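For reference, my_file_14.cif (mmCIF, C-alpha atoms and all ligand atoms):
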data_target
#
loop_
_atom_site.group_PDB
_atom_site.id
_atom_site.type_symbol
_atom_site.label_atom_id
_atom_site.label_comp_id
_atom_site.auth_asym_id
_atom_site.auth_seq_id
_atom_site.Cartn_x
_atom_site.Cartn_y
_atom_site.Cartn_z
ATOM 1 C CA MET A 1 11.571 11.321 -12.700
ATOM 2 C CA ASN A 2 12.953 8.819 -10.232
ATOM 3 C CA GLN A 3 15.492 6.448 -11.723
ATOM 4 C CA HIS A 4 13.348 3.470 -10.666
ATOM 5 C CA HIS A 5 10.578 4.656 -12.948
ATOM 6 C CA ARG A 6 12.803 3.995 -15.934
ATOM 7 C CA HIS A 7 12.337 0.289 -15.235
ATOM 8 C CA GLU A 8 9.712 -1.602 -17.110
ATOM 9 C CA PRO A 9 6.497 -1.929 -15.112
ATOM 10 C CA LEU A 10 5.726 -5.077 -13.130
ATOM 11 C CA ILE A 11 2.004 -4.328 -13.227
ATOM 12 C CA SER A 12 0.052 -1.838 -15.251
ATOM 13 C CA LEU A 13 -3.594 -0.935 -14.659
ATOM 14 C CA ASN A 14 -5.513 0.818 -17.393
ATOM 15 C CA LYS A 15 -8.913 2.431 -16.703
ATOM 16 C CA VAL A 16 -9.919 -0.207 -14.185
ATOM 17 C CA ASN A 17 -13.462 -0.075 -12.829
ATOM 18 C CA LEU A 18 -15.036 -2.178 -10.121
ATOM 19 C CA HIS A 19 -18.502 -2.090 -8.544
ATOM 20 C CA PHE A 20 -19.904 -3.817 -5.507
ATOM 21 C CA ASP A 21 -23.562 -3.786 -6.526
ATOM 22 C CA ARG A 22 -24.314 -0.076 -7.046
ATOM 23 C CA ASN A 23 -21.185 1.044 -5.204
ATOM 24 C CA HIS A 24 -18.701 2.163 -7.883
ATOM 25 C CA VAL A 25 -15.662 1.550 -5.685
ATOM 26 C CA LEU A 26 -12.894 1.902 -8.295
ATOM 27 C CA GLN A 27 -13.329 4.369 -11.130
ATOM 28 C CA ASP A 28 -11.027 4.498 -14.155
ATOM 29 C CA ILE A 29 -7.918 3.678 -12.133
ATOM 30 C CA SER A 30 -4.742 3.795 -14.217
ATOM 31 C CA THR A 31 -1.385 3.332 -12.550
ATOM 32 C CA GLU A 32 1.808 1.307 -12.775
ATOM 33 C CA LEU A 33 4.041 -0.485 -10.298
ATOM 34 C CA HIS A 34 7.730 -0.680 -11.125
ATOM 35 C CA LYS A 35 10.650 -2.869 -10.211
ATOM 36 C CA GLY A 36 12.794 -1.265 -7.497
ATOM 37 C CA CYS A 37 10.176 1.379 -6.763
ATOM 38 C CA ILE A 38 8.207 1.899 -3.548
ATOM 39 C CA THR A 39 4.681 3.051 -4.352
ATOM 40 C CA THR A 40 2.418 4.123 -1.514
ATOM 41 C CA LEU A 41 -1.330 4.138 -1.787
ATOM 42 C CA ILE A 42 -3.047 6.693 0.398
ATOM 43 C CA GLY A 43 -6.614 7.906 0.664
ATOM 44 C CA PRO A 44 -9.512 8.311 3.071
ATOM 45 C CA ASN A 45 -11.299 5.386 4.733
ATOM 46 C CA GLY A 46 -13.431 3.463 2.299
ATOM 47 C CA ALA A 47 -11.609 5.006 -0.702
ATOM 48 C CA GLY A 48 -10.969 1.592 -2.276
ATOM 49 C CA LYS A 49 -7.317 1.013 -1.307
ATOM 50 C CA THR A 50 -7.751 -2.553 -0.082
ATOM 51 C CA THR A 51 -10.044 -3.312 -3.023
ATOM 52 C CA LEU A 52 -7.357 -2.078 -5.415
ATOM 53 C CA VAL A 53 -4.778 -4.261 -3.681
ATOM 54 C CA ARG A 54 -7.119 -7.267 -3.975
ATOM 55 C CA LEU A 55 -7.395 -6.610 -7.704
ATOM 56 C CA ILE A 56 -3.621 -6.481 -8.001
ATOM 57 C CA LEU A 57 -3.344 -9.747 -6.070
ATOM 58 C CA GLY A 58 -5.796 -11.317 -8.537
ATOM 59 C CA LEU A 59 -8.402 -11.956 -5.818
ATOM 60 C CA LEU A 60 -10.939 -9.762 -7.621
ATOM 61 C CA LYS A 61 -11.558 -9.147 -11.314
ATOM 62 C CA PRO A 62 -12.329 -5.673 -12.713
ATOM 63 C CA ASP A 63 -15.701 -4.993 -14.346
ATOM 64 C CA SER A 64 -13.887 -3.112 -17.080
ATOM 65 C CA GLY A 65 -10.366 -1.962 -17.889
ATOM 66 C CA THR A 66 -7.233 -4.074 -18.038
ATOM 67 C CA ILE A 67 -4.589 -5.249 -15.600
ATOM 68 C CA TRP A 68 -1.374 -6.286 -17.286
ATOM 69 C CA GLN A 69 1.338 -8.030 -15.311
ATOM 70 C CA GLU A 70 4.801 -9.281 -16.154
ATOM 71 C CA SER A 71 4.761 -12.992 -16.935
ATOM 72 C CA ASN A 72 5.562 -15.284 -13.992
ATOM 73 C CA LEU A 73 5.323 -12.371 -11.568
ATOM 74 C CA ARG A 74 5.706 -13.521 -7.957
ATOM 75 C CA ILE A 75 3.890 -11.378 -5.408
ATOM 76 C CA GLY A 76 4.595 -11.516 -1.670
ATOM 77 C CA TYR A 77 1.644 -10.229 0.342
ATOM 78 C CA MET A 78 1.713 -8.945 3.908
ATOM 79 C CA PRO A 79 -1.881 -8.667 5.156
ATOM 80 C CA GLN A 80 -3.118 -5.927 7.472
ATOM 81 C CA LYS A 81 -3.752 -8.424 10.216
ATOM 82 C CA LEU A 82 -4.296 -12.127 10.619
ATOM 83 C CA GLN A 83 -6.939 -13.733 12.774
ATOM 84 C CA ILE A 84 -5.196 -16.621 14.485
ATOM 85 C CA ASP A 85 -7.029 -18.745 17.021
ATOM 86 C CA LYS A 86 -5.244 -18.052 20.317
ATOM 87 C CA THR A 87 -5.991 -21.520 21.619
ATOM 88 C CA PHE A 88 -4.106 -23.037 18.696
ATOM 89 C CA PRO A 89 -0.417 -23.378 19.623
ATOM 90 C CA LEU A 90 1.643 -21.943 16.784
ATOM 91 C CA THR A 91 5.339 -21.154 16.681
ATOM 92 C CA VAL A 92 6.816 -18.668 14.230
ATOM 93 C CA GLU A 93 8.459 -21.620 12.461
ATOM 94 C CA ARG A 94 5.148 -23.403 11.878
ATOM 95 C CA PHE A 95 3.480 -20.155 10.909
ATOM 96 C CA LEU A 96 6.122 -19.447 8.241
ATOM 97 C CA LYS A 97 5.679 -22.957 6.859
ATOM 98 C CA THR A 98 1.989 -22.282 6.245
ATOM 99 C CA ALA A 99 2.992 -19.803 3.536
ATOM 100 C CA GLN A 100 5.726 -21.676 1.768
ATOM 101 C CA ASN A 101 7.348 -25.059 1.894
ATOM 102 C CA CYS A 102 10.784 -23.973 3.045
ATOM 103 C CA SER A 103 13.815 -25.222 4.958
ATOM 104 C CA LYS A 104 14.773 -24.109 8.447
ATOM 105 C CA ALA A 105 17.852 -22.415 6.961
ATOM 106 C CA GLN A 106 15.626 -20.389 4.587
ATOM 107 C CA MET A 107 13.394 -19.378 7.476
ATOM 108 C CA LYS A 108 16.386 -18.339 9.588
ATOM 109 C CA ALA A 109 17.831 -16.337 6.702
ATOM 110 C CA VAL A 110 14.613 -14.464 6.028
ATOM 111 C CA LEU A 111 14.023 -13.785 9.742
ATOM 112 C CA SER A 112 17.558 -12.455 9.967
ATOM 113 C CA ASP A 113 16.813 -10.221 6.940
ATOM 114 C CA VAL A 114 13.958 -8.580 8.835
ATOM 115 C CA GLY A 115 15.865 -8.320 12.142
ATOM 116 C CA ALA A 116 13.914 -11.100 13.858
ATOM 117 C CA SER A 117 16.385 -13.978 13.927
ATOM 118 C CA LEU A 118 15.629 -14.890 17.556
ATOM 119 C CA LEU A 119 11.939 -15.470 17.013
ATOM 120 C CA LEU A 120 11.877 -18.820 15.194
ATOM 121 C CA GLU A 121 10.875 -20.947 18.196
ATOM 122 C CA GLN A 122 8.599 -18.355 19.796
ATOM 123 C CA SER A 123 4.833 -18.593 20.032
ATOM 124 C CA ILE A 124 3.151 -16.353 17.471
ATOM 125 C CA HIS A 125 0.682 -15.322 20.203
ATOM 126 C CA HIS A 126 3.358 -13.704 22.367
ATOM 127 C CA LEU A 127 4.964 -11.411 19.819
ATOM 128 C CA SER A 128 4.942 -7.620 20.201
ATOM 129 C CA GLY A 129 3.270 -5.536 17.492
ATOM 130 C CA GLY A 130 6.602 -4.779 15.812
ATOM 131 C CA GLU A 131 7.777 -8.408 16.018
ATOM 132 C CA MET A 132 4.524 -9.626 14.458
ATOM 133 C CA GLN A 133 4.897 -7.181 11.567
ATOM 134 C CA ARG A 134 8.451 -8.439 10.971
ATOM 135 C CA VAL A 135 7.278 -12.050 10.977
ATOM 136 C CA LEU A 136 4.490 -11.170 8.502
ATOM 137 C CA LEU A 137 7.079 -9.424 6.338
ATOM 138 C CA ALA A 138 9.396 -12.448 6.539
ATOM 139 C CA ARG A 139 6.495 -14.663 5.479
ATOM 140 C CA ALA A 140 5.850 -12.478 2.424
ATOM 141 C CA LEU A 141 9.574 -12.532 1.552
ATOM 142 C CA LEU A 142 9.788 -16.333 1.627
ATOM 143 C CA ARG A 143 8.297 -16.374 -1.887
ATOM 144 C CA ASP A 144 11.284 -14.315 -3.098
ATOM 145 C CA PRO A 145 8.775 -11.889 -4.621
ATOM 146 C CA HIS A 146 9.264 -9.534 -7.551
ATOM 147 C CA LEU A 147 6.566 -7.381 -5.959
ATOM 148 C CA LEU A 148 5.955 -6.973 -2.242
ATOM 149 C CA VAL A 149 2.437 -5.832 -1.320
ATOM 150 C CA LEU A 150 2.066 -4.499 2.213
ATOM 151 C CA ASP A 151 -1.307 -3.540 3.675
ATOM 152 C CA GLU A 152 -0.589 -0.991 6.408
ATOM 153 C CA PRO A 153 2.723 -2.563 7.414
ATOM 154 C CA VAL A 154 3.281 -0.422 10.521
ATOM 155 C CA GLN A 155 -0.125 -0.943 12.090
ATOM 156 C CA GLY A 156 0.021 -1.488 15.855
ATOM 157 C CA VAL A 157 3.659 -0.360 16.073
ATOM 158 C CA ASP A 158 4.952 2.629 18.063
ATOM 159 C CA ILE A 159 6.490 5.607 16.264
ATOM 160 C CA ASN A 160 10.132 4.474 16.571
ATOM 161 C CA GLY A 161 9.170 1.000 15.451
ATOM 162 C CA GLN A 162 7.312 2.504 12.491
ATOM 163 C CA LEU A 163 10.416 4.363 11.324
ATOM 164 C CA GLU A 164 12.479 1.196 11.702
ATOM 165 C CA LEU A 165 9.958 -0.774 9.661
ATOM 166 C CA TYR A 166 9.896 1.805 6.865
ATOM 167 C CA ASN A 167 13.719 1.796 6.824
ATOM 168 C CA LEU A 168 13.660 -1.998 6.718
ATOM 169 C CA ILE A 169 11.261 -1.972 3.761
ATOM 170 C CA SER A 170 13.553 0.479 1.930
ATOM 171 C CA ARG A 171 16.566 -1.711 2.648
ATOM 172 C CA ILE A 172 14.765 -4.828 1.379
ATOM 173 C CA ARG A 173 13.869 -2.951 -1.797
ATOM 174 C CA ASP A 174 17.517 -1.870 -2.220
ATOM 175 C CA GLU A 175 18.912 -5.357 -1.611
ATOM 176 C CA ARG A 176 16.377 -7.334 -3.616
ATOM 177 C CA GLY A 177 15.434 -4.771 -6.248
ATOM 178 C CA CYS A 178 11.792 -5.786 -5.887
ATOM 179 C CA GLY A 179 8.884 -3.429 -6.374
ATOM 180 C CA VAL A 180 6.866 -2.483 -3.291
ATOM 181 C CA LEU A 181 3.240 -1.409 -3.028
ATOM 182 C CA MET A 182 2.051 -0.359 0.388
ATOM 183 C CA ILE A 183 -1.093 1.090 1.820
ATOM 184 C CA SER A 184 -0.417 3.636 4.493
ATOM 185 C CA HIS A 185 -2.356 6.032 6.652
ATOM 186 C CA ASP A 186 0.751 7.872 7.778
ATOM 187 C CA LEU A 187 1.450 10.497 5.189
ATOM 188 C CA HIS A 188 4.387 12.132 6.957
ATOM 189 C CA LEU A 189 6.457 8.997 7.527
ATOM 190 C CA VAL A 190 5.533 7.650 4.116
ATOM 191 C CA MET A 191 6.841 10.734 2.368
ATOM 192 C CA ALA A 192 10.365 10.007 3.573
ATOM 193 C CA SER A 193 10.346 6.386 2.497
ATOM 194 C CA THR A 194 8.482 6.175 -0.763
ATOM 195 C CA ASP A 195 9.325 6.888 -4.397
ATOM 196 C CA HIS A 196 5.825 7.363 -5.669
ATOM 197 C CA VAL A 197 2.534 8.262 -4.014
ATOM 198 C CA VAL A 198 -0.899 7.499 -5.419
ATOM 199 C CA CYS A 199 -3.825 9.117 -3.655
ATOM 200 C CA ILE A 200 -7.171 7.539 -4.398
ATOM 201 C CA ASN A 201 -10.709 8.339 -3.452
ATOM 202 C CA HIS A 202 -12.409 5.803 -5.750
ATOM 203 C CA HIS A 203 -10.593 7.510 -8.644
ATOM 204 C CA VAL A 204 -6.931 8.606 -8.674
ATOM 205 C CA CYS A 205 -7.050 12.072 -7.103
ATOM 206 C CA CYS A 206 -3.358 12.756 -7.599
ATOM 207 C CA SER A 207 -0.090 10.912 -7.882
ATOM 208 C CA GLY A 208 3.590 11.646 -8.194
ATOM 209 C CA HIS A 209 7.037 11.660 -6.705
ATOM 210 C CA PRO A 210 6.797 12.783 -3.057
ATOM 211 C CA GLU A 211 9.570 15.386 -3.455
ATOM 212 C CA HIS A 212 7.764 16.918 -6.379
ATOM 213 C CA VAL A 213 4.392 16.927 -4.731
ATOM 214 C CA THR A 214 5.658 18.192 -1.370
ATOM 215 C CA ASN A 215 7.459 21.055 -3.124
ATOM 216 C CA ASP A 216 4.255 22.026 -4.815
ATOM 217 C CA PRO A 217 2.182 24.527 -2.762
ATOM 218 C CA SER A 218 -0.968 22.860 -4.023
ATOM 219 C CA PHE A 219 0.102 19.692 -2.207
ATOM 220 C CA THR A 220 -0.281 21.278 1.233
ATOM 221 C CA GLU A 221 -3.578 22.679 0.128
ATOM 222 C CA LEU A 222 -4.600 19.299 -1.224
ATOM 223 C CA PHE A 223 -3.699 17.244 1.812
ATOM 224 C CA GLY A 224 -4.078 19.870 4.499
ATOM 225 C CA ILE A 225 -0.940 18.659 6.275
ATOM 226 C CA LYS A 226 1.213 20.832 8.468
ATOM 227 C CA GLY A 227 4.511 19.655 9.897
ATOM 228 C CA SER A 228 4.146 16.168 11.224
ATOM 229 C CA GLU A 229 0.368 15.898 11.114
ATOM 230 C CA GLN A 230 -0.688 12.526 9.892
ATOM 231 C CA LEU A 231 -2.996 11.386 7.168
ATOM 232 C CA ALA A 232 -5.561 10.152 9.667
ATOM 233 C CA VAL A 233 -6.362 13.748 10.609
ATOM 234 C CA TYR A 234 -5.777 15.469 7.319
ATOM 235 C CA SER A 235 -8.611 17.320 5.716
ATOM 236 C CA HIS A 236 -8.727 16.097 2.151
ATOM 237 C CA HIS A 237 -9.266 19.207 0.030
ATOM 238 C CA HIS A 238 -10.477 18.317 -3.408
ATOM 239 C CA ASN A 239 -10.801 20.317 -6.562
ATOM 240 C CA HIS A 240 -14.056 18.468 -7.032
ATOM 241 C CA ASN A 241 -16.967 17.038 -5.098
ATOM 242 C CA HIS A 242 -18.266 13.476 -5.203
ATOM 243 C CA ASP A 243 -21.783 12.297 -5.833
ATOM 244 C CA GLU A 244 -23.217 9.504 -3.683
ATOM 245 C CA GLN A 245 -21.549 6.863 -5.868
ATOM 246 C CA GLY A 246 -18.191 8.592 -5.371
ATOM 247 C CA ASN A 247 -18.063 9.991 -8.915
ATOM 248 C CA ALA A 248 -16.030 13.189 -9.224
ATOM 249 C CA ILE A 249 -18.103 16.293 -9.947
ATOM 250 C CA PRO A 250 -16.072 19.482 -10.589
ATOM 251 C CA ASP A 251 -17.148 22.410 -8.452
ATOM 252 C CA PRO A 252 -17.476 25.258 -10.981
ATOM 253 C CA ALA A 253 -17.352 27.959 -8.315
ATOM 254 C CA SER A 254 -14.250 26.672 -6.580
ATOM 255 C CA ASP A 255 -10.790 27.999 -7.280
ATOM 256 C CA HIS A 256 -9.762 24.345 -6.774
ATOM 257 C CA ASN A 257 -11.537 23.548 -10.003
ATOM 258 C CA PRO A 258 -8.942 22.177 -12.453
ATOM 259 C CA ARG A 259 -10.421 24.407 -15.127
ATOM 260 C CA ASN A 260 -9.619 27.440 -13.002
ATOM 261 C CA LYS A 261 -6.226 26.381 -11.734
ATOM 262 C CA LYS A 262 -3.425 24.146 -12.910
ATOM 263 C CA GLY A 263 -2.362 21.061 -10.958
ATOM 264 C CA GLY A 264 -3.823 19.826 -7.683
ATOM 265 C CA CYS A 265 -6.229 16.978 -7.114
HETATM 266 N N1 LIG B 1 -16.582 -7.627 -0.631
HETATM 267 C C1 LIG B 1 -17.223 -6.458 -0.603
HETATM 268 N N2 LIG B 1 -18.552 -6.397 -0.854
HETATM 269 C C2 LIG B 1 -19.210 -5.220 -0.860
HETATM 270 N N3 LIG B 1 -18.636 -4.019 -0.603
HETATM 271 C C3 LIG B 1 -17.306 -4.031 -0.336
HETATM 272 C C4 LIG B 1 -16.537 -5.229 -0.320
HETATM 273 N N4 LIG B 1 -15.251 -4.915 -0.036
HETATM 274 C C5 LIG B 1 -15.217 -3.583 0.125
HETATM 275 N N5 LIG B 1 -16.450 -3.044 -0.045
HETATM 276 C C6 LIG B 1 -16.782 -1.617 0.006
HETATM 277 O O1 LIG B 1 -15.926 -0.943 -0.889
HETATM 278 C C7 LIG B 1 -15.543 0.321 -0.362
HETATM 279 C C8 LIG B 1 -14.009 0.419 -0.336
HETATM 280 O O2 LIG B 1 -13.503 -0.491 0.633
HETATM 281 P P1 LIG B 1 -11.943 -0.699 0.867
HETATM 282 O O3 LIG B 1 -11.794 -1.687 1.972
HETATM 283 O O4 LIG B 1 -11.299 -1.008 -0.433
HETATM 284 O O5 LIG B 1 -11.499 0.755 1.330
HETATM 285 P P2 LIG B 1 -10.107 1.244 1.992
HETATM 286 O O6 LIG B 1 -9.688 2.446 1.235
HETATM 287 O O7 LIG B 1 -9.159 0.108 2.042
HETATM 288 O O8 LIG B 1 -10.619 1.653 3.430
HETATM 289 P P3 LIG B 1 -9.867 1.718 4.867
HETATM 290 O O9 LIG B 1 -8.848 2.832 4.784
HETATM 291 O O10 LIG B 1 -10.991 2.074 5.779
HETATM 292 O O11 LIG B 1 -9.258 0.365 5.123
HETATM 293 C C9 LIG B 1 -16.193 0.436 1.001
HETATM 294 O O12 LIG B 1 -17.371 1.162 0.840
HETATM 295 C C10 LIG B 1 -16.499 -1.017 1.360
HETATM 296 O O13 LIG B 1 -17.629 -1.092 2.190
#
Would you kindly transcribe this structure into structure tokens?
Amino acid sequence: MNQHHRHEPLISLNKVNLHFDRNHVLQDISTELHKGCITTLIGPNGAGKTTLVRLILGLLKPDSGTIWQESNLRIGYMPQKLQIDKTFPLTVERFLKTAQNCSKAQMKAVLSDVGASLLLEQSIHHLSGGEMQRVLLARALLRDPHLLVLDEPVQGVDINGQLELYNLISRIRDERGCGVLMISHDLHLVMASTDHVVCINHHVCCSGHPEHVTNDPSFTELFGIKGSEQLAVYSHHHNHNHDEQGNAIPDPASDHNPRNKKGGC
């Protein structure tokens, strides 16, 4: 077990369920987020990742199950993308102030933390993909969060920039000791920069330390990854099928069936 997991949890979900009308989007989700630990949420499109994040942010309430969080927990949230009216002139400085009432010195310090110290006076509309992600990260950090929640933090960034961003997130975790929850579609890069992986497809399919799961032959079978293939193209082999509501139905004939084989999804 990773040393970070010895920390007390920041947030603990126990058998959380959530429906949108008849769509049972989250089914009996139990997981924990820990101080100093980077947890990555992966799963196919429509699996409920963003919905789970919205629950954790307190924007949605579960239909059943409990979400416990440490008292006075501060969460810094980096959204997937922001719709900003391009006709509305907005510098990075003004944009950062929309999140938190903060001094110029605080803004400079946090921009320097994310390697974007020269951007303060720039228009938000003229930033590159990587610069925008750094500014969004800086904005989330201004709250001095105990938990940083990042929804696809490397979206719109080239491969070198993605690696840099993941390294930056690891460094921020090391320096601040905060917990990190991120949604990612890039399984390969995520494996190198995360402590804990939770794969959901409405329910938790599998979870664990990436070194443990990648050393397990059932992992390759489960995720269908080879070499540097990415999550976007992986074929998600299950040990079960899903009905139209997404409920897991074991396939009795399959050797992926948990009754027939230990471990796996
Ligand atoms: N506010 C809502 N009202 C009704 N249905 C919703 C709502 N939000 C999400 N859904 C549905 O819940 C399911 C899960 O959506 P969610 O955005 O959580 O998936 P995701 O795993 O984040 O997907 P992606 O990887 O494509 O971003 C989808 O079927 C979606 O249509």
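CA of Asp144 in chain A sits 7.4 Å away from CA of Gly76 in chain A.
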Contacts to ligand LIG 1 (chain B) at 10 Å cut-off (all atoms listed in the file) as a ChimeraX atom specification: /A:18-26,41-55,60,80,151-152,183-185,200-202,232,245-246
Export C-alpha atoms of the chosen residues as an mmCIF file, in the frame of the given file?
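Saved as out.cif:
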data_model
loop_
_atom_site.group_PDB
_atom_site.id
_atom_site.type_symbol
_atom_site.label_atom_id
_atom_site.label_comp_id
_atom_site.auth_asym_id
_atom_site.auth_seq_id
_atom_site.Cartn_x
_atom_site.Cartn_y
_atom_site.Cartn_z
ATOM 1 C CA LEU A 18 -15.036 -2.178 -10.121
ATOM 2 C CA HIS A 19 -18.502 -2.090 -8.544
ATOM 3 C CA PHE A 20 -19.904 -3.817 -5.507
ATOM 4 C CA ASP A 21 -23.562 -3.786 -6.526
ATOM 5 C CA ARG A 22 -24.314 -0.076 -7.046
ATOM 6 C CA ASN A 23 -21.185 1.044 -5.204
ATOM 7 C CA HIS A 24 -18.701 2.163 -7.883
ATOM 8 C CA VAL A 25 -15.662 1.550 -5.685
ATOM 9 C CA LEU A 26 -12.894 1.902 -8.295
ATOM 10 C CA LEU A 41 -1.330 4.138 -1.787
ATOM 11 C CA ILE A 42 -3.047 6.693 0.398
ATOM 12 C CA GLY A 43 -6.614 7.906 0.664
ATOM 13 C CA PRO A 44 -9.512 8.311 3.071
ATOM 14 C CA ASN A 45 -11.299 5.386 4.733
ATOM 15 C CA GLY A 46 -13.431 3.463 2.299
ATOM 16 C CA ALA A 47 -11.609 5.006 -0.702
ATOM 17 C CA GLY A 48 -10.969 1.592 -2.276
ATOM 18 C CA LYS A 49 -7.317 1.013 -1.307
ATOM 19 C CA THR A 50 -7.751 -2.553 -0.082
ATOM 20 C CA THR A 51 -10.044 -3.312 -3.023
ATOM 21 C CA LEU A 52 -7.357 -2.078 -5.415
ATOM 22 C CA VAL A 53 -4.778 -4.261 -3.681
ATOM 23 C CA ARG A 54 -7.119 -7.267 -3.975
ATOM 24 C CA LEU A 55 -7.395 -6.610 -7.704
ATOM 25 C CA LEU A 60 -10.939 -9.762 -7.621
ATOM 26 C CA GLN A 80 -3.118 -5.927 7.472
ATOM 27 C CA ASP A 151 -1.307 -3.540 3.675
ATOM 28 C CA GLU A 152 -0.589 -0.991 6.408
ATOM 29 C CA ILE A 183 -1.093 1.090 1.820
ATOM 30 C CA SER A 184 -0.417 3.636 4.493
ATOM 31 C CA HIS A 185 -2.356 6.032 6.652
ATOM 32 C CA ILE A 200 -7.171 7.539 -4.398
ATOM 33 C CA ASN A 201 -10.709 8.339 -3.452
ATOM 34 C CA HIS A 202 -12.409 5.803 -5.750
ATOM 35 C CA ALA A 232 -5.561 10.152 9.667
ATOM 36 C CA GLN A 245 -21.549 6.863 -5.868
ATOM 37 C CA GLY A 246 -18.191 8.592 -5.371
#
Coordinates-based distance that separates CA of Leu111 in chain A from CA of Leu181 in chain A (Å, one decimal):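 Atom-to-atom, CA of Leu181 in chain A and CA of Leu111 in chain A are spaced 20.8 Å apart.
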CA of Leu136 in chain A sits from CA of Asp195 in chain A at a separation of 22.7 Å
Identify all residues satisfying the PyMOL selection byres (((chain A and resi 81-84) around 10) and not hetatm) in the given file; provide them as a tab-separated table (two decimals) with C-alpha atoms, in the frame of the given file.
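Dumped everything to result_1.tsv:
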chain	number	residue	atom	x	y	z
A	78	MET	CA	1.71	-8.94	3.91
A	79	PRO	CA	-1.88	-8.67	5.16
A	80	GLN	CA	-3.12	-5.93	7.47
A	85	ASP	CA	-7.03	-18.74	17.02
A	86	LYS	CA	-5.24	-18.05	20.32
A	87	THR	CA	-5.99	-21.52	21.62
A	88	PHE	CA	-4.11	-23.04	18.70
A	89	PRO	CA	-0.42	-23.38	19.62
A	90	LEU	CA	1.64	-21.94	16.78
A	124	ILE	CA	3.15	-16.35	17.47
A	125	HIS	CA	0.68	-15.32	20.20
A	132	MET	CA	4.52	-9.63	14.46
A	133	GLN	CA	4.90	-7.18	11.57
A	136	LEU	CA	4.49	-11.17	8.50
A	151	ASP	CA	-1.31	-3.54	3.68
A	152	GLU	CA	-0.59	-0.99	6.41
A	153	PRO	CA	2.72	-2.56	7.41
A	155	GLN	CA	-0.12	-0.94	12.09
A	156	GLY	CA	0.02	-1.49	15.86
Nearest candidate to His126 in chain A (options A:Leu33, A:Leu150, A:Val110, A:Val92; using only C-alpha atoms): A:Val92
Please, what is the axis-aligned box for every listed atom of range 203-212 of chain A with 4 Å on each side, as centre and edge lengths in Å to one decimal, as AutoDock Vina command-line options?
--center_x -0.5 --center_y 12.2 --center_z -5.9 --size_x 28.2 --size_y 17.4 --size_z 13.6
Residues matched by the PyMOL selection byres (((chain A and resi 167) around 12) and not hetatm), written as an MDAnalysis selection string: chainID A and resid 38 114:115 153:154 160:166 168:174 189:190 192:194
Between A:Arg74, A:Lys108, A:Lys61, A:Lys15, which residue has the minimum interatomic distance to Val149 in chain A, considering only C-alpha atoms?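 Checking each candidate against Val149 in chain A, we get A:Arg74 as the closest.
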Nearest to Gln122 in chain A: which of A:Glu32, A:Glu8, A:Glu175, A:Glu93 is it, counting all atoms listed in the file?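 Using all atoms listed in the file, the shortest distance to Gln122 in chain A belongs to A:Glu93.
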Of the candidates A:Cys37, A:Ile75, A:Leu10, A:Val197, which shows the shortest atom-to-atom distance to Pro145 in chain A, using all atoms listed in the file?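 Looking at the shortest contact to Pro145 in chain A, the residue is A:Ile75.
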For Thr66 in chain A, list every protein, DNA or RNA residue within 10 Å, evaluated using all atoms listed in the file, and leave out those in the same chain fewer than 6 positions away; present the list as a PDB file with C-alpha atoms, in the coordinates of the input.
ATOM      1  CA  SER A  12       0.052  -1.838 -15.251  1.00  0.00           C
ATOM      2  CA  LEU A  13      -3.594  -0.935 -14.659  1.00  0.00           C
ATOM      3  CA  ASN A  14      -5.513   0.818 -17.393  1.00  0.00           C
ATOM      4  CA  LYS A  15      -8.913   2.431 -16.703  1.00  0.00           C
ATOM      5  CA  VAL A  16      -9.919  -0.207 -14.185  1.00  0.00           C
ATOM      6  CA  ASN A  17     -13.462  -0.075 -12.829  1.00  0.00           C
ATOM      7  CA  ILE A  29      -7.918   3.678 -12.133  1.00  0.00           C
ATOM      8  CA  SER A  30      -4.742   3.795 -14.217  1.00  0.00           C
TER       9      SER A  30
END
